[in-house]
Amino acid sequence: MIPLSWYLILAAALMSIGLFGVITRKNLVGALIGIELMLNAVNINLVAFWRYFHNARPEMDGLVFVALIFVVAAGETAIGLALIISAYRSRKTVDVNELNLLKG
Amino acid sequence: MSGMQVIFLIAAAVTLGSAIAAVSARKMLHAALWLVLALLGVAVIFALLEASFFAVVQVLVYIGAISILVIFAVMLSRTSLTDEGSQTNRGWWVAALGLVIVLIGVVAALSLWPKWTAMPGALPAAATDMATLGKQLVDPNGYLLPFELSSILLLAALVGAIYTAVDKKEEKP
């Protein structure tokens, strides 16, 4: 039997690694990869809480939220890809430091 | 140490290792492929948590669709085939240090929680019945509103992605 803490530590570590990617990557696609890792960390937490506290709360709330996060992640990746391709077409780069169109 | 724990530790090590490689690999295509391995590790974690449906959905949606989209994005947005130079910002070590401190703080704070070492109870057969989940998603007293909102979100994302990505210069004759 695996204690709940193992899953929570794994999810926290995965979240930190994903956030590190989002913060430090120069490439927009790299930031997108970091966001995917963060969403997966959240999903691990939700499924773990559903599994460990199912007897206290028999509704399947945790799994419903996981399903909704899958939907949001799919939409977010599609929009992100479209934005990256659009930005690349107009600026010929996906470097975050060079995409400074909004700079005053 | 039981077999479940060994499988968990292997899956967690693969997930975290490939996640670190995904955020630090110099070539973006390699990073995307490391992401696939990390997502596969998460699918194994889902299977360990007896959420078999979501382990399958993870493989289908994340590995089958999302990571392929990411690979497309890498291939469509490369200026050169080699991705020369550093792929991270100069202050990356500040972010790493800060996140390690935050991670230790979060784990230390959570470890004070009395249910920190909770063990899983027996899972009744009804708990893994996906028909119950489906009924709850379309139940007006359950999650009908988020369900319908997510369908509108997907439609809007579909239309928005096509509109954003289409090359507007080609439309003019």
# chains A, B, ... in the order shown; residues from 1 in each chain; ligands from 1
call {"tool": "interface_residues", "arguments": {"of": "chain A", "to": "chain B", "cutoff": "8 Å", "atoms": "only C-alpha atoms", "output": "compact mmCIF listing (two decimals) with C-alpha atoms, in the first residue's frame"}}
result
# COMPACT_ATOMS: atom_id res chain seq x y z
CA MET A 1 0.00 0.00 0.00
CA ILE A 2 1.27 3.42 -0.97
CA PRO A 3 0.74 6.36 1.43
CA LEU A 4 -1.01 9.43 0.05
CA SER A 5 2.11 11.51 0.72
CA ILE A 9 5.23 14.75 -3.27
CA LEU A 10 5.37 13.46 -6.86
CA ALA A 12 4.43 18.84 -6.16
CA ALA A 13 7.76 17.96 -7.77
CA LEU A 14 6.18 17.65 -11.21
CA SER A 16 7.75 22.66 -9.74
CA ILE A 17 9.53 21.21 -12.76
CA GLY A 18 6.75 22.40 -15.07
CA PHE A 20 10.58 25.94 -13.95
CA GLY A 21 10.10 25.21 -17.65
CA ILE A 23 9.67 30.52 -16.29
CA THR A 24 13.02 29.76 -17.88
CA ARG A 25 12.35 28.58 -21.42
CA LYS A 26 13.18 31.05 -24.15
CA ASN A 27 11.19 29.08 -26.69
CA VAL A 29 6.92 25.76 -27.33
CA GLY A 30 9.10 25.00 -24.31
CA LEU A 32 3.84 25.13 -23.55
CA ILE A 33 5.58 21.85 -22.56
CA GLY A 34 5.99 23.20 -19.02
CA LEU A 37 3.55 19.10 -17.05
CA ASN A 40 -0.55 16.65 -15.31
CA ILE A 44 -2.28 13.31 -10.31
CA VAL A 47 -7.04 11.30 -8.94
CA ALA A 48 -5.08 10.56 -5.76
CA ARG A 51 -8.85 7.33 -4.70
CA TYR A 52 -7.91 7.95 -1.06
CA PHE A 53 -11.06 9.72 0.13
CA HIS A 54 -13.58 7.89 -1.99
CA ASN A 55 -15.15 6.21 1.03
CA PRO A 58 -18.71 8.52 -2.83
CA MET A 60 -16.97 11.07 -8.42
CA LEU A 63 -12.78 12.26 -11.81
CA VAL A 64 -15.18 14.89 -13.17
CA LEU A 68 -12.66 18.82 -17.41
CA PHE A 70 -8.33 17.12 -20.08
CA VAL A 71 -10.76 19.25 -22.11
CA VAL A 72 -9.12 22.50 -21.03
CA ALA A 74 -6.65 20.06 -25.25
CA GLY A 75 -8.15 23.46 -26.02
CA GLU A 76 -5.19 25.28 -24.49
CA THR A 77 -2.68 23.32 -26.57
CA ALA A 78 -4.62 23.89 -29.81
CA ILE A 79 -4.87 27.65 -29.18
CA LEU A 81 -0.07 26.03 -31.21
CA ALA A 82 -2.14 28.35 -33.41
CA LEU A 83 -0.75 31.43 -31.65
CA ILE A 84 2.84 30.15 -31.93
CA ILE A 85 2.44 29.44 -35.65
CA SER A 86 0.82 32.85 -36.18
CA TYR A 88 6.26 32.68 -36.10
CA LYS A 92 10.01 34.66 -37.87
CA THR A 93 10.86 33.73 -34.27
CA VAL A 94 9.32 32.02 -31.25
call {"tool": "select_by_dssp", "arguments": {"residues": "chain A", "states": "alpha helix (DSSP H)", "output": "ChimeraX atom specification"}}
result
/A:4-24,28-52,61-91
call {"tool": "atom_distance", "arguments": {"atom1": "CA of Leu46 (chain A)", "atom2": "CA of Gly62 (chain A)"}}
result
5.4 Å
